[in-house]
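A.B. asks: File name entry_14.cif; file contents mmCIF, C-alpha atoms and all ligand atoms; chains and numbers go by the auth columns; full text below.
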```cif
data_run
loop_
_atom_site.group_PDB
_atom_site.id
_atom_site.type_symbol
_atom_site.label_atom_id
_atom_site.label_comp_id
_atom_site.label_asym_id
_atom_site.label_seq_id
_atom_site.Cartn_x
_atom_site.Cartn_y
_atom_site.Cartn_z
_atom_site.B_iso_or_equiv
_atom_site.auth_seq_id
_atom_site.auth_asym_id
ATOM 1 C CA MET A 1 -26.745 88.316 60.647 0.00 6 A
ATOM 2 C CA GLN A 2 -27.826 87.398 57.137 0.00 7 A
ATOM 3 C CA LYS A 3 -27.665 84.281 54.994 0.00 8 A
ATOM 4 C CA LEU A 4 -26.250 83.470 51.569 0.00 9 A
ATOM 5 C CA LYS A 5 -25.515 80.318 49.597 0.00 10 A
ATOM 6 C CA LEU A 6 -22.317 79.928 47.605 0.00 11 A
ATOM 7 C CA LYS A 7 -21.374 77.389 44.976 0.00 12 A
ATOM 8 C CA ILE A 8 -17.677 76.580 44.642 0.00 13 A
ATOM 9 C CA LYS A 9 -16.638 74.501 41.635 0.00 14 A
ATOM 10 C CA ASN A 10 -13.057 73.620 42.530 0.00 15 A
ATOM 11 C CA LEU A 11 -9.992 74.329 44.659 0.00 16 A
ATOM 12 C CA VAL A 12 -9.125 77.446 42.652 0.00 17 A
ATOM 13 C CA GLU A 13 -12.506 78.992 43.432 0.00 18 A
ATOM 14 C CA MET A 14 -12.111 78.078 47.105 0.00 19 A
ATOM 15 C CA GLU A 15 -8.786 79.897 47.054 0.00 20 A
ATOM 16 C CA GLU A 16 -10.419 82.962 45.476 0.00 21 A
ATOM 17 C CA LEU A 17 -13.120 82.998 48.137 0.00 22 A
ATOM 18 C CA ALA A 18 -10.616 82.594 50.970 0.00 23 A
ATOM 19 C CA GLN A 19 -8.393 85.341 49.539 0.00 24 A
ATOM 20 C CA SER A 20 -11.300 87.695 49.235 0.00 25 A
ATOM 21 C CA LEU A 21 -12.454 87.108 52.799 0.00 26 A
ATOM 22 C CA ALA A 22 -8.859 87.418 54.022 0.00 27 A
ATOM 23 C CA LEU A 23 -8.715 90.934 52.575 0.00 28 A
ATOM 24 C CA TYR A 24 -11.882 91.807 54.478 0.00 29 A
ATOM 25 C CA PHE A 25 -10.720 90.346 57.792 0.00 30 A
ATOM 26 C CA ASN A 26 -7.266 91.867 57.535 0.00 31 A
ATOM 27 C CA GLU A 27 -9.004 95.256 57.693 0.00 32 A
ATOM 28 C CA GLN A 28 -11.832 94.296 60.051 0.00 33 A
ATOM 29 C CA PRO A 29 -10.637 91.400 62.200 0.00 34 A
ATOM 30 C CA GLY A 30 -13.035 89.021 63.853 0.00 35 A
ATOM 31 C CA ILE A 31 -14.031 85.420 64.294 0.00 36 A
ATOM 32 C CA ILE A 32 -14.809 82.884 61.588 0.00 37 A
ATOM 33 C CA PHE A 33 -16.589 79.605 62.323 0.00 38 A
ATOM 34 C CA LEU A 34 -16.077 76.692 59.939 0.00 39 A
ATOM 35 C CA ASP A 35 -18.242 73.598 59.942 0.00 40 A
ATOM 36 C CA GLY A 36 -18.774 70.676 57.606 0.00 41 A
ATOM 37 C CA ASP A 37 -17.815 67.008 57.442 0.00 42 A
ATOM 38 C CA LEU A 38 -14.246 65.723 57.509 0.00 43 A
ATOM 39 C CA GLY A 39 -12.691 66.560 54.153 0.00 44 A
ATOM 40 C CA ALA A 40 -15.120 69.389 53.408 0.00 45 A
ATOM 41 C CA GLY A 41 -12.300 71.919 53.137 0.00 46 A
ATOM 42 C CA LYS A 42 -12.158 73.768 56.451 0.00 47 A
ATOM 43 C CA THR A 43 -8.389 73.470 56.819 0.00 48 A
ATOM 44 C CA THR A 44 -7.860 74.070 53.104 0.00 49 A
ATOM 45 C CA PHE A 45 -9.853 77.304 53.366 0.00 50 A
ATOM 46 C CA THR A 46 -7.763 78.319 56.386 0.00 51 A
ATOM 47 C CA GLN A 47 -4.511 77.639 54.503 0.00 52 A
ATOM 48 C CA PHE A 48 -5.529 79.858 51.587 0.00 53 A
ATOM 49 C CA PHE A 49 -6.749 82.508 54.008 0.00 54 A
ATOM 50 C CA ALA A 50 -3.503 82.421 56.003 0.00 55 A
ATOM 51 C CA LYS A 51 -1.370 82.769 52.894 0.00 56 A
ATOM 52 C CA GLU A 52 -3.273 85.890 51.887 0.00 57 A
ATOM 53 C CA ILE A 53 -2.735 87.622 55.238 0.00 58 A
ATOM 54 C CA GLY A 54 0.986 86.923 54.980 0.00 59 A
ATOM 55 C CA VAL A 55 1.467 83.857 57.158 0.00 60 A
ATOM 56 C CA GLN A 56 4.810 82.359 56.090 0.00 61 A
ATOM 57 C CA GLU A 57 4.577 79.212 58.169 0.00 62 A
ATOM 58 C CA VAL A 58 2.825 76.180 56.741 0.00 63 A
ATOM 59 C CA VAL A 59 -0.645 75.967 58.257 0.00 64 A
ATOM 60 C CA THR A 60 -1.385 72.396 59.268 0.00 65 A
ATOM 61 C CA SER A 61 -4.550 70.795 60.479 0.00 66 A
ATOM 62 C CA PRO A 62 -4.534 71.505 64.211 0.00 67 A
ATOM 63 C CA THR A 63 -6.655 68.467 64.967 0.00 68 A
ATOM 64 C CA PHE A 64 -3.930 66.948 67.119 0.00 69 A
ATOM 65 C CA ASN A 65 -2.855 70.061 68.913 0.00 70 A
ATOM 66 C CA ILE A 66 -6.263 71.830 68.915 0.00 71 A
ATOM 67 C CA PHE A 67 -4.807 75.329 68.680 0.00 72 A
ATOM 68 C CA LYS A 68 -2.095 77.172 66.795 0.00 73 A
ATOM 69 C CA ARG A 69 -1.263 80.842 66.484 0.00 74 A
ATOM 70 C CA TYR A 70 0.360 82.186 63.320 0.00 75 A
ATOM 71 C CA GLN A 71 1.866 85.566 62.581 0.00 76 A
ATOM 72 C CA GLY A 72 0.706 87.302 59.444 0.00 77 A
ATOM 73 C CA SER A 73 2.085 90.512 57.991 0.00 78 A
ATOM 74 C CA LYS A 74 -0.439 92.667 59.856 0.00 79 A
ATOM 75 C CA ARG A 75 -2.269 90.375 62.285 0.00 80 A
ATOM 76 C CA TYR A 76 -2.100 87.126 64.176 0.00 81 A
ATOM 77 C CA LEU A 77 -4.256 84.238 63.076 0.00 82 A
ATOM 78 C CA ASN A 78 -5.561 81.953 65.828 0.00 83 A
ATOM 79 C CA HIS A 79 -6.557 78.596 64.396 0.00 84 A
ATOM 80 C CA PHE A 80 -8.621 76.184 66.469 0.00 85 A
ATOM 81 C CA ASP A 81 -9.900 72.713 65.679 0.00 86 A
ATOM 82 C CA LEU A 82 -12.392 71.530 68.285 0.00 87 A
ATOM 83 C CA TYR A 83 -12.991 68.092 66.793 0.00 88 A
ATOM 84 C CA ARG A 84 -11.035 66.130 69.367 0.00 89 A
ATOM 85 C CA ILE A 85 -12.076 67.995 72.477 0.00 90 A
ATOM 86 C CA LYS A 86 -15.744 68.351 71.639 0.00 91 A
ATOM 87 C CA ASP A 87 -17.560 68.803 74.958 0.00 92 A
ATOM 88 C CA ASN A 88 -14.501 69.902 76.909 0.00 93 A
ATOM 89 C CA VAL A 89 -14.053 73.252 75.253 0.00 94 A
ATOM 90 C CA TYR A 90 -14.508 75.010 78.590 0.00 95 A
ATOM 91 C CA ASP A 91 -11.418 73.437 80.107 0.00 96 A
ATOM 92 C CA GLN A 92 -9.042 74.773 77.507 0.00 97 A
ATOM 93 C CA GLY A 93 -8.950 78.452 78.433 0.00 98 A
ATOM 94 C CA PHE A 94 -9.288 79.615 74.843 0.00 99 A
ATOM 95 C CA GLU A 95 -11.631 82.487 75.479 0.00 100 A
ATOM 96 C CA GLU A 96 -8.829 84.997 75.856 0.00 101 A
ATOM 97 C CA TYR A 97 -8.002 84.578 72.183 0.00 102 A
ATOM 98 C CA TRP A 98 -11.580 84.812 71.050 0.00 103 A
ATOM 99 C CA ASP A 99 -11.864 88.153 72.746 0.00 104 A
ATOM 100 C CA SER A 100 -8.938 89.758 70.969 0.00 105 A
ATOM 101 C CA MET A 101 -9.928 92.773 68.938 0.00 106 A
ATOM 102 C CA GLU A 102 -6.742 92.684 66.886 0.00 107 A
ATOM 103 C CA ASP A 103 -6.465 89.036 65.874 0.00 108 A
ATOM 104 C CA ILE A 104 -8.313 86.951 63.363 0.00 109 A
ATOM 105 C CA THR A 105 -9.617 83.701 64.820 0.00 110 A
ATOM 106 C CA ILE A 106 -10.759 80.720 62.778 0.00 111 A
ATOM 107 C CA ILE A 107 -12.531 77.871 64.561 0.00 112 A
ATOM 108 C CA GLU A 108 -13.019 74.541 62.816 0.00 113 A
ATOM 109 C CA TRP A 109 -15.886 72.427 64.208 0.00 114 A
ATOM 110 C CA SER A 110 -17.536 75.392 65.891 0.00 115 A
ATOM 111 C CA LYS A 111 -20.592 73.210 66.385 0.00 116 A
ATOM 112 C CA TYR A 112 -18.861 71.838 69.470 0.00 117 A
ATOM 113 C CA LEU A 113 -18.738 75.241 71.111 0.00 118 A
ATOM 114 C CA PRO A 114 -21.035 75.753 74.086 0.00 119 A
ATOM 115 C CA ASN A 115 -24.163 77.651 73.056 0.00 120 A
ATOM 116 C CA GLU A 116 -23.183 80.837 74.787 0.00 121 A
ATOM 117 C CA PHE A 117 -20.241 81.247 72.384 0.00 122 A
ATOM 118 C CA LYS A 118 -22.277 80.726 69.241 0.00 123 A
ATOM 119 C CA SER A 119 -22.985 84.413 68.762 0.00 124 A
ATOM 120 C CA LEU A 120 -19.275 85.303 68.643 0.00 125 A
ATOM 121 C CA ALA A 121 -18.835 84.709 64.938 0.00 126 A
ATOM 122 C CA ASN A 122 -18.833 87.495 62.391 0.00 127 A
ATOM 123 C CA LEU A 123 -18.880 84.866 59.705 0.00 128 A
ATOM 124 C CA HIS A 124 -20.019 81.251 59.832 0.00 129 A
ATOM 125 C CA LEU A 125 -19.348 78.984 56.854 0.00 130 A
ATOM 126 C CA THR A 126 -20.872 75.531 56.674 0.00 131 A
ATOM 127 C CA ILE A 127 -19.226 73.624 53.846 0.00 132 A
ATOM 128 C CA LYS A 128 -21.021 70.752 52.147 0.00 133 A
ATOM 129 C CA ILE A 129 -19.298 68.261 49.848 0.00 134 A
ATOM 130 C CA ILE A 130 -21.107 67.921 46.515 0.00 135 A
ATOM 131 C CA ASP A 131 -18.446 65.870 44.767 0.00 136 A
ATOM 132 C CA GLU A 132 -14.665 65.584 44.794 0.00 137 A
ATOM 133 C CA ASP A 133 -14.144 69.234 43.793 0.00 138 A
ATOM 134 C CA LYS A 134 -17.486 70.973 44.256 0.00 139 A
ATOM 135 C CA ARG A 135 -18.687 72.495 47.493 0.00 140 A
ATOM 136 C CA GLU A 136 -21.804 74.297 48.605 0.00 141 A
ATOM 137 C CA ILE A 137 -21.289 76.822 51.357 0.00 142 A
ATOM 138 C CA ALA A 138 -24.029 78.106 53.611 0.00 143 A
ATOM 139 C CA VAL A 139 -22.944 81.545 54.802 0.00 144 A
ATOM 140 C CA LEU A 140 -24.245 83.228 57.923 0.00 145 A
ATOM 141 C CA ALA A 141 -22.600 86.601 58.363 0.00 146 A
ATOM 142 C CA LYS A 142 -22.972 90.105 59.607 0.00 147 A
ATOM 143 C CA ASN A 143 -24.452 92.418 57.035 0.00 148 A
ATOM 144 C CA SER A 144 -21.221 94.149 56.036 0.00 149 A
ATOM 145 C CA ILE A 145 -19.653 90.803 55.092 0.00 150 A
ATOM 146 C CA ILE A 146 -22.717 89.797 53.074 0.00 151 A
ATOM 147 C CA LEU A 147 -22.460 93.111 51.224 0.00 152 A
ATOM 148 C CA PHE A 148 -18.744 92.553 50.689 0.00 153 A
ATOM 149 C CA LEU A 149 -19.389 89.117 49.177 0.00 154 A
ATOM 150 C CA GLU A 150 -22.125 90.502 46.946 0.00 155 A
ATOM 151 C CA GLU A 151 -19.737 93.155 45.661 0.00 156 A
ATOM 152 C CA ASN A 152 -16.603 91.043 45.312 0.00 157 A
ATOM 153 C CA ASN A 153 -17.672 87.426 44.846 0.00 158 A
ATOM 154 C CA ASP A 154 -20.943 87.655 43.036 0.00 159 A
ATOM 155 C CA GLU A 155 -19.941 84.763 40.765 0.00 160 A
ATOM 156 C CA PHE A 156 -20.203 82.283 43.650 0.00 161 A
ATOM 157 C CA ILE A 157 -23.649 83.351 44.862 0.00 162 A
ATOM 158 C CA TYR A 158 -26.724 81.471 43.808 0.00 163 A
HETATM 159 N N1 LIG B . -13.371 73.058 46.190 0.00 201 B
HETATM 160 C C1 LIG B . -12.642 72.552 47.195 0.00 201 B
HETATM 161 N N2 LIG B . -12.550 73.220 48.357 0.00 201 B
HETATM 162 C C2 LIG B . -11.850 72.719 49.391 0.00 201 B
HETATM 163 N N3 LIG B . -11.169 71.569 49.370 0.00 201 B
HETATM 164 C C3 LIG B . -11.226 70.851 48.231 0.00 201 B
HETATM 165 C C4 LIG B . -11.963 71.310 47.104 0.00 201 B
HETATM 166 N N4 LIG B . -11.832 70.396 46.110 0.00 201 B
HETATM 167 C C5 LIG B . -11.057 69.420 46.596 0.00 201 B
HETATM 168 N N5 LIG B . -10.683 69.674 47.873 0.00 201 B
HETATM 169 C C6 LIG B . -9.844 68.775 48.701 0.00 201 B
HETATM 170 O O1 LIG B . -10.615 68.326 49.792 0.00 201 B
HETATM 171 C C7 LIG B . -9.784 68.141 50.937 0.00 201 B
HETATM 172 C C8 LIG B . -10.298 68.963 52.101 0.00 201 B
HETATM 173 O O2 LIG B . -9.588 68.590 53.244 0.00 201 B
HETATM 174 P P1 LIG B . -9.495 69.498 54.544 0.00 201 B
HETATM 175 O O3 LIG B . -9.335 70.924 54.148 0.00 201 B
HETATM 176 O O4 LIG B . -8.467 68.907 55.431 0.00 201 B
HETATM 177 O O5 LIG B . -10.952 69.275 55.152 0.00 201 B
HETATM 178 P P2 LIG B . -11.485 69.547 56.636 0.00 201 B
HETATM 179 O O6 LIG B . -10.517 70.453 57.340 0.00 201 B
HETATM 180 O O7 LIG B . -12.837 70.166 56.432 0.00 201 B
HETATM 181 O O8 LIG B . -11.587 68.193 57.289 0.00 201 B
HETATM 182 C C9 LIG B . -8.377 68.552 50.521 0.00 201 B
HETATM 183 O O9 LIG B . -7.666 67.407 50.141 0.00 201 B
HETATM 184 C C10 LIG B . -8.631 69.457 49.325 0.00 201 B
HETATM 185 O O10 LIG B . -7.560 69.475 48.407 0.00 201 B
HETATM 186 MG MG MG B . -9.604 70.301 59.245 0.00 202 B
#
```
Could I get this file's structure written as structure tokens?
Ligand SMILES: Nc1ncnc2c1ncn2[C@@H]1O[C@H](COP(=O)(O)OP(=O)(O)O)[C@@H](O)[C@H]1O
Ligand SMILES: [Mg+2]
C.D. replies:
Amino acid sequence: MQKLKLKIKNLVEMEELAQSLALYFNEQPGIIFLDGDLGAGKTTFTQFFAKEIGVQEVVTSPTFNIFKRYQGSKRYLNHFDLYRIKDNVYDQGFEEYWDSMEDITIIEWSKYLPNEFKSLANLHLTIKIIDEDKREIAVLAKNSIILFLEENNDEFIY
């Protein structure tokens, strides 16, 4: 795993980033962790991402139902939001989805995962609010994703 910092100026740039990463994950599925305060843009990122992989349904914040599964044109997207269950992640029986080799899984509030699951992510984005539109994103990712970002989204790297 390697680190990068990204600067996102507005919603349009967040959409570009999400689209780019969606192209990567549609070919090489895996698990994405999203962290950051309420309103940072975790669900917004997921919505842009979902659109790009062909999810027709409207992606909503799963805060109140914790988990939703969407069908894209090539893959399923599993969308978790652990905010409300926090320490009870074990009781939910989610692991079967995390293990899927074919699906893409996005987990909002991954910081509430038990430690033993922390190494599951291929990509971990921690989004920080700078002002209403600007975000800083700390990226922790496997090397191939870092390379992909360097090749395709150089403009966001600083
Ligand atoms: N650059 C940006 N990236 C993401 N969201 C942004 C950005 N600029 C403004 N926003 C707004 O911030 C809010 C983020 O909310 P949401 O995605 O629900 O956050 P979270 O899921 O992290 O709690 C949305 O209203 C979105 O339109
Ligand atoms: Mg959210």
A.B. asks: Determine the residue membership of the PyMOL selection byres (((chain A and resi 137-141) around 6) and not hetatm) for the file above and supply it as a PDB file with C-alpha atoms, in the coordinates of the input.
C.D. replies:
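Writing the result to result06.pdb gives the following:
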```pdb
ATOM      1  CA  LEU A  11     -22.317  79.928  47.605  1.00  0.00           C
ATOM      2  CA  LYS A  12     -21.374  77.389  44.976  1.00  0.00           C
ATOM      3  CA  ILE A  13     -17.677  76.580  44.642  1.00  0.00           C
ATOM      4  CA  LYS A  14     -16.638  74.501  41.635  1.00  0.00           C
ATOM      5  CA  ASN A  15     -13.057  73.620  42.530  1.00  0.00           C
ATOM      6  CA  ILE A 132     -19.226  73.624  53.846  1.00  0.00           C
ATOM      7  CA  LYS A 133     -21.021  70.752  52.147  1.00  0.00           C
ATOM      8  CA  ILE A 134     -19.298  68.261  49.848  1.00  0.00           C
ATOM      9  CA  ILE A 135     -21.107  67.921  46.515  1.00  0.00           C
ATOM     10  CA  ASP A 136     -18.446  65.870  44.767  1.00  0.00           C
ATOM     11  CA  ILE A 142     -21.289  76.822  51.357  1.00  0.00           C
TER      12      ILE A 142
END
```
A.B. asks: Which chains and residue numbers are within 12 Å of ligand LIG 201 (chain B), counting all atoms listed in the file, if I want them as a compact mmCIF listing (two decimals) with C-alpha atoms, in the frame of the given file?
C.D. replies:
```txt
# COMPACT_ATOMS: atom_id res chain seq x y z
CA LEU A 11 -22.32 79.93 47.60
CA LYS A 12 -21.37 77.39 44.98
CA ILE A 13 -17.68 76.58 44.64
CA LYS A 14 -16.64 74.50 41.64
CA ASN A 15 -13.06 73.62 42.53
CA LEU A 16 -9.99 74.33 44.66
CA VAL A 17 -9.12 77.45 42.65
CA GLU A 18 -12.51 78.99 43.43
CA MET A 19 -12.11 78.08 47.10
CA GLU A 20 -8.79 79.90 47.05
CA GLU A 21 -10.42 82.96 45.48
CA LEU A 22 -13.12 83.00 48.14
CA ALA A 23 -10.62 82.59 50.97
CA PHE A 38 -16.59 79.60 62.32
CA LEU A 39 -16.08 76.69 59.94
CA ASP A 40 -18.24 73.60 59.94
CA GLY A 41 -18.77 70.68 57.61
CA ASP A 42 -17.82 67.01 57.44
CA LEU A 43 -14.25 65.72 57.51
CA GLY A 44 -12.69 66.56 54.15
CA ALA A 45 -15.12 69.39 53.41
CA GLY A 46 -12.30 71.92 53.14
CA LYS A 47 -12.16 73.77 56.45
CA THR A 48 -8.39 73.47 56.82
CA THR A 49 -7.86 74.07 53.10
CA PHE A 50 -9.85 77.30 53.37
CA THR A 51 -7.76 78.32 56.39
CA GLN A 52 -4.51 77.64 54.50
CA PHE A 53 -5.53 79.86 51.59
CA PHE A 54 -6.75 82.51 54.01
CA VAL A 64 -0.64 75.97 58.26
CA THR A 65 -1.38 72.40 59.27
CA SER A 66 -4.55 70.80 60.48
CA PRO A 67 -4.53 71.50 64.21
CA THR A 68 -6.66 68.47 64.97
CA HIS A 84 -6.56 78.60 64.40
CA PHE A 85 -8.62 76.18 66.47
CA ASP A 86 -9.90 72.71 65.68
CA LEU A 87 -12.39 71.53 68.28
CA TYR A 88 -12.99 68.09 66.79
CA ILE A 111 -10.76 80.72 62.78
CA ILE A 112 -12.53 77.87 64.56
CA GLU A 113 -13.02 74.54 62.82
CA TRP A 114 -15.89 72.43 64.21
CA SER A 115 -17.54 75.39 65.89
CA LEU A 130 -19.35 78.98 56.85
CA THR A 131 -20.87 75.53 56.67
CA ILE A 132 -19.23 73.62 53.85
CA LYS A 133 -21.02 70.75 52.15
CA ILE A 134 -19.30 68.26 49.85
CA ILE A 135 -21.11 67.92 46.52
CA ASP A 136 -18.45 65.87 44.77
CA GLU A 137 -14.66 65.58 44.79
CA ASP A 138 -14.14 69.23 43.79
CA LYS A 139 -17.49 70.97 44.26
CA ARG A 140 -18.69 72.50 47.49
CA GLU A 141 -21.80 74.30 48.60
CA ILE A 142 -21.29 76.82 51.36
CA PHE A 161 -20.20 82.28 43.65
```
A.B. asks: From the set A:Leu152, A:Glu101, A:Arg89, A:Thr110, which residue has the shortest atom-to-atom contact distance to Arg74 (chain A), counting only C-alpha atoms?
C.D. replies: A:Thr110
A.B. asks: I need the residue set behind the PyMOL selection byres (((chain A and resi 7) around 8) and not hetatm) for this file; please write it as JSON, numbers by chain.
C.D. replies: {"A": [6, 8, 9, 144, 145, 146, 147, 148, 151]}
A.B. asks: Could the residues in this selection be saved with C-alpha atoms as a short mmCIF file (atom, residue, chain, number, x, y, z; two decimals), in the coordinates of the input?
C.D. replies:
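Saved the output as selection-v3.cif:
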```cif
data_model
loop_
_atom_site.label_atom_id
_atom_site.label_comp_id
_atom_site.auth_asym_id
_atom_site.auth_seq_id
_atom_site.Cartn_x
_atom_site.Cartn_y
_atom_site.Cartn_z
CA MET A 6 -26.74 88.32 60.65
CA LYS A 8 -27.66 84.28 54.99
CA LEU A 9 -26.25 83.47 51.57
CA VAL A 144 -22.94 81.54 54.80
CA LEU A 145 -24.24 83.23 57.92
CA ALA A 146 -22.60 86.60 58.36
CA LYS A 147 -22.97 90.10 59.61
CA ASN A 148 -24.45 92.42 57.04
CA ILE A 151 -22.72 89.80 53.07
#
```
A.B. asks: Any idea what the distance is between CA of Leu128 (chain A) and CA of Gln61 (chain A)?
C.D. replies: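 A separation of 24.1 Å between them.
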A.B. asks: Between CA of Ile109 (chain A) and CA of Asn70 (chain A), what is the distance, to one decimal in Å?
C.D. replies: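 Separation between CA of Ile109 (chain A) and CA of Asn70 (chain A): 18.6 Å.
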A.B. asks: Kindly indicate which residue among A:Ile90, A:Ala143, A:Ile37, A:Ile71 lies nearest to ligand MG 202 (chain B), using only C-alpha atoms and all ligand atoms for the distances.
C.D. replies: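 Result for the nearest residue to ligand MG 202 (chain B): A:Ile71.
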A.B. asks: Looking at A:Glu62, A:Asp159, A:Glu100, A:Glu32, which one is nearest to Phe122 (chain A), with distances taken over all atoms listed in the file?
C.D. replies: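 That would be A:Glu100, the residue with the smallest distance to Phe122 (chain A).
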A.B. asks: Looking at A:Val63, A:Ile150, A:Leu82, A:Asn93, which one is nearest to Ala126 (chain A), with distances taken over only C-alpha atoms?
C.D. replies: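 Ranked by minimum distance to Ala126 (chain A), first place goes to A:Ile150.
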A.B. asks: In Å, with one decimal, what is the gap from CA of Pro34 (chain A) to CA of Tyr75 (chain A)?
C.D. replies: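 Taking CA of Pro34 (chain A) and CA of Tyr75 (chain A), their separation equals 14.4 Å.
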A.B. asks: For His129 (chain A), which residue among A:Gly35, A:Glu57, A:Asn158, A:Phe72 is the nearest when counting only C-alpha atoms?
C.D. replies: A:Gly35
A.B. asks: Put a box with edges along x, y and z around all the listed atoms of region 11-25 of chain A, pad it by 6 Å on each side, then give me its centre and sizes in Å, one decimal, as AutoDock Vina command-line options.
C.D. replies:
```
--center_x -15.4 --center_y 80.7 --center_z 46.3 --size_x 25.9 --size_y 26.1 --size_z 21.3
```
A.B. asks: On this file, the PyMOL selection byres (((chain A and resi 77) around 9) and not hetatm) gives some set of residues; write that set as a PyMOL selection string.
C.D. replies: chain A and resi 55-61+75-76+78-82
A.B. asks: For the selection just defined, write its residues with C-alpha atoms to a file, as a PDB file, keeping the file's coordinate frame.
C.D. replies:
```pdb
ATOM      1  CA  ALA A  55      -3.503  82.421  56.003  1.00  0.00           C
ATOM      2  CA  LYS A  56      -1.370  82.769  52.894  1.00  0.00           C
ATOM      3  CA  GLU A  57      -3.273  85.890  51.887  1.00  0.00           C
ATOM      4  CA  ILE A  58      -2.735  87.622  55.238  1.00  0.00           C
ATOM      5  CA  GLY A  59       0.986  86.923  54.980  1.00  0.00           C
ATOM      6  CA  VAL A  60       1.467  83.857  57.158  1.00  0.00           C
ATOM      7  CA  GLN A  61       4.810  82.359  56.090  1.00  0.00           C
ATOM      8  CA  TYR A  75       0.360  82.186  63.320  1.00  0.00           C
ATOM      9  CA  GLN A  76       1.866  85.566  62.581  1.00  0.00           C
ATOM     10  CA  SER A  78       2.085  90.512  57.991  1.00  0.00           C
ATOM     11  CA  LYS A  79      -0.439  92.667  59.856  1.00  0.00           C
ATOM     12  CA  ARG A  80      -2.269  90.375  62.285  1.00  0.00           C
ATOM     13  CA  TYR A  81      -2.100  87.126  64.176  1.00  0.00           C
ATOM     14  CA  LEU A  82      -4.256  84.238  63.076  1.00  0.00           C
TER      15      LEU A  82
END
```
